[in-house]
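Below is entry39.txt, holding compact mmCIF, C-alpha atoms.
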# COMPACT_ATOMS: atom_id res chain seq x y z
CA MET C 29 0.00 0.00 0.00
CA LYS C 30 1.58 3.23 -1.12
CA THR C 31 -0.96 5.80 0.01
CA SER C 32 -2.31 6.53 3.41
CA LYS C 33 -5.81 6.43 1.91
CA ALA C 34 -5.46 2.66 1.54
CA LYS C 35 -4.00 2.27 5.02
CA VAL C 36 -6.77 4.32 6.59
CA PHE C 37 -9.39 2.35 4.63
CA VAL C 38 -7.94 -1.00 5.70
CA SER C 39 -7.68 0.14 9.32
CA GLU C 40 -11.27 1.41 9.26
CA PHE C 41 -12.45 -1.88 7.71
CA LEU C 42 -10.60 -3.93 10.34
CA GLY C 43 -12.12 -1.80 13.11
CA LYS C 44 -15.61 -2.42 11.80
CA CYS C 45 -14.95 -6.16 11.34
CA ALA C 46 -13.55 -6.46 14.86
CA SER C 47 -16.63 -4.73 16.25
CA VAL C 48 -19.04 -6.97 14.32
CA VAL C 49 -17.21 -10.14 15.38
CA GLY C 50 -17.04 -8.83 18.93
CA TYR C 51 -20.74 -8.07 19.14
CA PHE C 52 -21.59 -11.45 17.62
CA LEU C 53 -19.41 -13.33 20.10
CA GLY C 54 -20.41 -11.02 22.93
CA VAL C 55 -24.09 -11.85 22.37
CA PHE C 56 -23.73 -15.47 21.29
CA GLY C 57 -21.34 -16.40 24.14
CA PRO C 58 -23.68 -15.54 27.05
CA ILE C 59 -26.66 -17.14 25.27
CA MET C 60 -24.61 -20.29 24.76
CA THR C 61 -23.52 -20.20 28.40
CA VAL C 62 -27.12 -20.03 29.61
CA PHE C 63 -28.19 -22.92 27.35
CA GLU C 64 -25.21 -25.03 28.38
CA LEU C 65 -25.89 -24.44 32.08
CA ALA C 66 -29.59 -25.21 31.64
CA ALA C 67 -28.74 -28.45 29.78
CA GLY C 68 -26.38 -29.53 32.55
CA SER C 69 -23.41 -29.65 30.19
CA PRO C 70 -19.93 -30.43 31.42
CA THR C 71 -17.86 -27.66 32.93
CA GLU C 72 -15.55 -27.54 29.88
CA THR C 73 -18.43 -26.56 27.60
CA VAL C 74 -19.55 -23.79 29.93
CA PHE C 75 -15.94 -22.63 30.23
CA ALA C 76 -15.68 -22.48 26.40
CA ALA C 77 -18.84 -20.34 26.26
CA VAL C 78 -17.41 -17.95 28.86
CA ILE C 79 -14.14 -17.71 26.89
CA MET C 80 -16.17 -16.93 23.76
CA SER C 81 -17.80 -14.03 25.62
CA ALA C 82 -14.40 -12.74 26.77
CA VAL C 83 -13.02 -12.89 23.23
CA GLY C 84 -16.11 -11.00 22.05
CA ILE C 85 -15.48 -8.24 24.58
CA PHE C 86 -11.83 -8.08 23.49
CA PHE C 87 -12.86 -7.62 19.83
CA ILE C 88 -15.38 -4.93 20.78
CA VAL C 89 -12.67 -2.99 22.64
CA VAL C 90 -10.16 -3.35 19.75
CA GLY C 91 -12.75 -2.30 17.15
CA SER C 92 -13.78 0.74 19.18
CA LYS C 93 -10.17 1.77 19.67
CA ILE C 94 -9.47 1.59 15.92
CA LYS C 95 -12.64 3.53 15.05
CA ARG C 96 -11.77 6.26 17.56
CA ARG C 97 -8.26 6.52 16.06
CA ILE C 98 -9.75 6.98 12.57
CA ALA C 99 -12.10 9.67 13.89
CA ARG C 100 -9.14 11.51 15.48
CA PHE C 101 -7.19 11.20 12.22
CA ARG C 102 -10.05 12.83 10.30
CA LYS C 103 -10.26 15.61 12.90
CA TYR C 104 -6.50 16.25 12.67
CA VAL C 105 -6.64 16.37 8.86
CA PHE C 106 -9.56 18.80 9.04
CA LEU C 107 -7.75 21.12 11.46
CA ILE C 108 -4.45 21.00 9.59
CA SER C 109 -5.88 21.38 6.09
CA THR C 110 -8.74 23.79 6.73
CA TYR C 111 -7.28 26.04 9.40
CA ARG C 112 -3.58 25.43 8.61
CA MET C 113 -3.25 24.53 12.28
CA THR C 114 0.26 23.13 12.64
CA SER C 115 0.99 23.92 16.29
CA LEU C 116 0.52 20.87 18.51
CA ASN C 117 -0.63 23.22 21.28
CA ASP C 118 -3.41 24.59 19.07
CA ILE C 119 -4.44 21.12 17.91
CA ALA C 120 -4.47 19.88 21.52
CA GLU C 121 -6.60 22.82 22.61
CA GLU C 122 -9.04 22.32 19.73
CA THR C 123 -9.41 18.58 20.42
CA SER C 124 -9.50 18.94 24.23
CA ARG C 125 -6.49 16.64 24.61
CA SER C 126 -3.08 17.14 26.16
CA VAL C 127 -0.17 18.16 23.96
CA ASP C 128 1.63 14.94 24.89
CA PHE C 129 -1.37 12.88 23.78
CA VAL C 130 -1.63 14.72 20.45
CA ARG C 131 2.11 14.41 19.82
CA SER C 132 2.09 10.70 20.60
CA ASP C 133 -1.13 10.13 18.62
CA LEU C 134 0.17 11.95 15.53
CA GLN C 135 3.51 10.14 15.79
CA GLY C 136 1.68 6.81 15.90
CA MET C 137 -0.43 7.77 12.88
CA ILE C 138 2.68 8.78 10.96
CA LYS C 139 4.32 5.46 11.87
CA ARG C 140 1.19 3.56 10.73
CA GLY C 141 1.33 5.41 7.40
CA PHE C 142 -1.87 7.42 7.85
CA PHE C 143 0.03 10.60 6.93
CA VAL C 144 2.48 10.67 4.04
CA ASN C 145 5.46 13.00 3.81
CA THR C 146 4.81 14.21 7.35
CA LYS C 147 6.92 14.69 10.44
CA ILE C 148 6.76 16.24 13.87
CA ASP C 149 9.17 19.10 14.53
CA GLN C 150 9.98 18.43 18.19
CA ASP C 151 11.78 21.77 18.67
CA ALA C 152 8.95 23.94 17.36
CA ASP C 153 6.23 21.53 18.58
CA LYS C 154 4.59 21.57 15.14
CA ILE C 155 3.48 19.05 12.56
CA ILE C 156 5.01 19.55 9.12
CA VAL C 157 3.05 18.07 6.23
CA GLY C 158 4.65 17.88 2.80
CA GLY C 159 7.01 20.74 3.50
CA MET C 160 4.05 22.98 4.38
CA THR C 161 5.07 26.20 6.08
CA ASP C 162 3.18 29.09 7.58
CA SER C 163 3.84 31.04 4.36
CA VAL C 164 1.67 28.82 2.14
CA PRO C 165 -0.61 31.12 0.15
CA ASP C 166 -4.01 31.46 1.74
CA HIS C 167 -7.24 32.10 -0.15
CA ALA C 168 -6.74 35.86 -0.45
CA GLN C 169 -3.06 35.64 -1.44
CA ALA C 170 -3.77 33.00 -4.05
CA GLN C 171 -6.16 35.32 -5.88
CA THR C 172 -3.59 38.14 -6.13
CA THR C 173 -0.82 36.10 -7.74
CA SER C 174 -0.55 35.71 -11.51
CA ILE C 175 -1.15 31.97 -11.17
CA LYS C 176 -4.80 31.18 -10.51
CA TYR C 177 -5.57 28.81 -7.66
CA GLU C 178 -8.70 26.91 -6.73
CA MET C 179 -9.87 25.13 -3.61
CA TYR C 180 -9.86 21.34 -3.64
CA THR C 181 -11.31 18.74 -1.32
CA CYS C 182 -9.53 15.41 -1.26
CA ALA C 183 -11.81 12.45 -1.94
CA GLY C 184 -9.50 10.23 0.12
CA CYS C 185 -9.34 12.04 3.45
CA ALA C 186 -11.55 15.15 3.04
CA ALA C 187 -8.62 17.54 3.44
CA THR C 188 -8.98 20.91 1.77
CA GLY C 189 -6.33 23.07 0.22
CA MET C 190 -5.29 25.17 -2.74
CA LYS C 191 -4.08 23.93 -6.12
CA LYS C 192 -3.37 25.50 -9.50
CA ASN C 193 -6.47 25.77 -11.68
CA GLY C 194 -7.06 22.65 -13.74
CA MET C 195 -3.96 20.89 -12.45
CA PRO C 196 -4.14 17.63 -10.53
CA ARG C 197 -2.50 17.69 -7.16
CA GLN C 198 -1.39 14.93 -4.86
CA CYS C 199 -2.95 15.38 -1.43
CA GLU C 200 -0.23 16.21 1.05
CA TYR C 201 -2.05 14.30 3.79
CA CYS C 202 -3.00 10.96 2.24
CA GLY C 203 -1.26 10.88 -1.15
CA SER C 204 -4.45 10.64 -3.25
CA PHE C 205 -4.69 12.71 -6.43
CA CYS C 206 -7.28 15.49 -6.37
Represent the structure from my file as structure tokens, please.
Amino acid sequence: MKTSKAKVFVSEFLGKCASVVGYFLGVFGPIMTVFELAAGSPTETVFAAVIMSAVGIFFIVVGSKIKRRIARFRKYVFLISTYRMTSLNDIAEETSRSVDFVRSDLQGMIKRGFFVNTKIDQDADKIIVGGMTDSVPDHAQAQTTSIKYEMYTCAGCAATGMKKNGMPRQCEYCGSFC
């Protein structure tokens, strides 16, 4: 997988699958336990039903964790692309999380390949995406230059940004072409 779009999609799919399997086992396990106890089954069968319930709960927790990570990823992309929010302090304040949590979370997402061409500048406490700096032309500046720009919204991760009119652009967040 070369783009983060594929990695995010696969992660999201695995989160949903884990939740479905977890809910199935989490419901089926207790029902099976009750039937086995009512039938006077051996202890091993009841124990297997209890284990099935525990595995179901595990899958529910894993699926929820993955889905929450994807939701945070989408929130980070929105803040970075729409508001050009690169300061980890600002992102932490906007998401009601600690700076350490945001730093660690973004670092984990970069390591998982959710962001492409991205790094955390530890000294400045900022996220740098695709060489983006604070001097990237904003909407007003883009209209005054001789090159015409237009807004784009990435189909892969919903990031927004500016690109030259009529020219395809690779999303600096997920690598998809817009």
Practice problem: May I ask for the distance between CA of Thr146 (chain C) and CA of Ala99 (chain C), given in Å to one decimal place? | Solution: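 These two atoms are separated by 18.7 Å.
Proximity to Phe101 (chain C) was assessed for C:Cys206, C:Leu134, C:Cys45, C:Val157 counting all atoms listed in the file; the smallest distance is recorded for C:Leu134.
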Could you list, as a PDB file with C-alpha atoms, in the frame of the given file, every residue within 6 Å of Thr188 (chain C), counting all atoms listed in the file and ignoring same-chain residues fewer than 4 positions away?
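This went into selection10.pdb:
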ATOM      1  CA  SER C 109      -5.880  21.380   6.090  1.00  0.00           C
ATOM      2  CA  THR C 110      -8.740  23.790   6.730  1.00  0.00           C
ATOM      3  CA  TYR C 180      -9.860  21.340  -3.640  1.00  0.00           C
ATOM      4  CA  THR C 181     -11.310  18.740  -1.320  1.00  0.00           C
TER       5      THR C 181
END
Quiz prompt | Separation of CA of Lys154 (chain C) from CA of Gly184 (chain C) in Å | solution =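 So the answer is 23.5 Å.
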Self-check item: Test item: residues at most 10 Å from Ser81 (chain C), all atoms listed in the file, excluding those fewer than 3 positions along its chain, as a ChimeraX atom specification
Solution: /C:50-61,75-78,84-87
Quiz item: Any idea what's packed within 12 Å of Lys44 (chain C), counting only C-alpha atoms, ignoring anything in its chain fewer than 5 positions away? Could you give it as a PyMOL selection string?
Solution: chain C and resi 37-39+49-51+87-96+98
Let me have the centre and edge lengths of the axis-aligned box enclosing all listed atoms of region 125-132 of chain C with 6 Å padding on every side, in Å to one decimal, as AutoDock Vina command-line options.
--center_x -2.2 --center_y 14.4 --center_z 23.0 --size_x 20.6 --size_y 19.5 --size_z 18.3
Quiz prompt | Residues within 12 Å of Met195 (chain C), only C-alpha atoms, excluding chain neighbours under 2 positions, as a list of chain:residue names | solution =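 Counting only the stated atoms, we get C:Ile175, C:Lys176, C:Tyr177, C:Glu178, C:Met179, C:Tyr180, C:Met190, C:Lys191, C:Lys192, C:Asn193, C:Arg197, C:Gln198, C:Phe205, C:Cys206.
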Practice problem: Choose the residue, out of C:Ala120, C:Leu107, C:Val83, C:Val130, that has the smallest atom-to-atom separation from Ser47 (chain C); count all atoms listed in the file. | Solution: C:Val83
Exercise. Can you work out which one of C:Tyr104, C:Ala187, C:Val36, C:Ile148 has the shortest atom-to-atom distance to Arg125 (chain C), counting all atoms listed in the file?
Key: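 Looking only at the distances to Arg125 (chain C), the closest residue turns out to be C:Tyr104.
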Quiz item: Looking at all atoms listed in the file, which of C:Phe142, C:Tyr201, C:Phe63, C:Tyr111 is the one that sits closest to Arg97 (chain C)?
Solution: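 Selected residue with least distance to Arg97 (chain C): C:Phe142.
Residue nearest Ser132 (chain C), chosen from C:Lys147, C:Gly194, C:Gly189, C:Cys182 and counting all atoms listed in the file: C:Lys147.
Going from CA of Ser126 (chain C) over to CA of Ser32 (chain C), you cover 25.1 Å.
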Practice problem: Could you check which of C:Ala183, C:Pro196, C:Gly68, C:Ile155 is closest to Lys33 (chain C), using only C-alpha atoms? | Solution: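 Of all the options, C:Ala183 lies closest to Lys33 (chain C).
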Atoms are missing here; could region 78-107 of chain C be completed with N, CA and C atoms and written as a short mmCIF file (atom, residue, chain, number, x, y, z; two decimals), keeping the file's coordinate frame?
data_model
loop_
_atom_site.label_atom_id
_atom_site.label_comp_id
_atom_site.auth_asym_id
_atom_site.auth_seq_id
_atom_site.Cartn_x
_atom_site.Cartn_y
_atom_site.Cartn_z
N VAL C 78 -17.88 -19.14 28.15
CA VAL C 78 -17.41 -17.95 28.86
C VAL C 78 -16.21 -17.35 28.14
N ILE C 79 -15.31 -18.19 27.66
CA ILE C 79 -14.14 -17.71 26.89
C ILE C 79 -14.61 -17.01 25.62
N MET C 80 -15.63 -17.56 24.97
CA MET C 80 -16.17 -16.93 23.76
C MET C 80 -16.67 -15.53 24.07
N SER C 81 -17.33 -15.36 25.22
CA SER C 81 -17.80 -14.03 25.62
C SER C 81 -16.63 -13.08 25.85
N ALA C 82 -15.58 -13.57 26.50
CA ALA C 82 -14.40 -12.74 26.77
C ALA C 82 -13.72 -12.31 25.48
N VAL C 83 -13.62 -13.23 24.53
CA VAL C 83 -13.02 -12.89 23.23
C VAL C 83 -13.88 -11.85 22.52
N GLY C 84 -15.20 -11.99 22.65
CA GLY C 84 -16.11 -11.00 22.05
C GLY C 84 -15.88 -9.62 22.62
N ILE C 85 -15.73 -9.53 23.93
CA ILE C 85 -15.48 -8.24 24.58
C ILE C 85 -14.14 -7.67 24.11
N PHE C 86 -13.14 -8.53 23.98
CA PHE C 86 -11.83 -8.08 23.49
C PHE C 86 -11.97 -7.46 22.09
N PHE C 87 -12.68 -8.14 21.18
CA PHE C 87 -12.86 -7.62 19.83
C PHE C 87 -13.64 -6.31 19.81
N ILE C 88 -14.62 -6.18 20.69
CA ILE C 88 -15.38 -4.93 20.78
C ILE C 88 -14.45 -3.79 21.18
N VAL C 89 -13.59 -4.02 22.17
CA VAL C 89 -12.67 -2.99 22.64
C VAL C 89 -11.68 -2.61 21.53
N VAL C 90 -11.12 -3.62 20.84
CA VAL C 90 -10.16 -3.35 19.75
C VAL C 90 -10.84 -2.57 18.62
N GLY C 91 -12.03 -2.99 18.23
CA GLY C 91 -12.75 -2.30 17.15
C GLY C 91 -13.06 -0.86 17.51
N SER C 92 -13.48 -0.63 18.74
CA SER C 92 -13.78 0.74 19.18
C SER C 92 -12.54 1.60 19.19
N LYS C 93 -11.43 1.02 19.63
CA LYS C 93 -10.17 1.77 19.67
C LYS C 93 -9.75 2.20 18.26
N ILE C 94 -9.85 1.28 17.31
CA ILE C 94 -9.47 1.59 15.92
C ILE C 94 -10.40 2.66 15.35
N LYS C 95 -11.70 2.54 15.59
CA LYS C 95 -12.64 3.53 15.05
C LYS C 95 -12.43 4.91 15.66
N ARG C 96 -12.07 4.96 16.94
CA ARG C 96 -11.77 6.26 17.56
C ARG C 96 -10.50 6.88 16.96
N ARG C 97 -9.50 6.03 16.67
CA ARG C 97 -8.26 6.52 16.06
C ARG C 97 -8.56 7.13 14.69
N ILE C 98 -9.38 6.47 13.90
CA ILE C 98 -9.75 6.98 12.57
C ILE C 98 -10.49 8.31 12.70
N ALA C 99 -11.37 8.42 13.67
CA ALA C 99 -12.10 9.67 13.89
C ALA C 99 -11.13 10.80 14.27
N ARG C 100 -10.15 10.49 15.12
CA ARG C 100 -9.14 11.51 15.48
C ARG C 100 -8.32 11.90 14.27
N PHE C 101 -7.95 10.91 13.43
CA PHE C 101 -7.19 11.20 12.22
C PHE C 101 -7.95 12.18 11.34
N ARG C 102 -9.22 11.93 11.13
CA ARG C 102 -10.05 12.83 10.30
C ARG C 102 -10.13 14.23 10.90
N LYS C 103 -10.22 14.31 12.22
CA LYS C 103 -10.26 15.61 12.90
C LYS C 103 -8.93 16.35 12.71
N TYR C 104 -7.81 15.62 12.87
CA TYR C 104 -6.50 16.25 12.67
C TYR C 104 -6.36 16.76 11.24
N VAL C 105 -6.73 15.96 10.26
CA VAL C 105 -6.64 16.37 8.86
C VAL C 105 -7.49 17.61 8.63
N PHE C 106 -8.69 17.64 9.19
CA PHE C 106 -9.56 18.80 9.04
C PHE C 106 -8.90 20.05 9.61
N LEU C 107 -8.36 19.95 10.82
CA LEU C 107 -7.75 21.12 11.46
C LEU C 107 -6.50 21.59 10.71
#
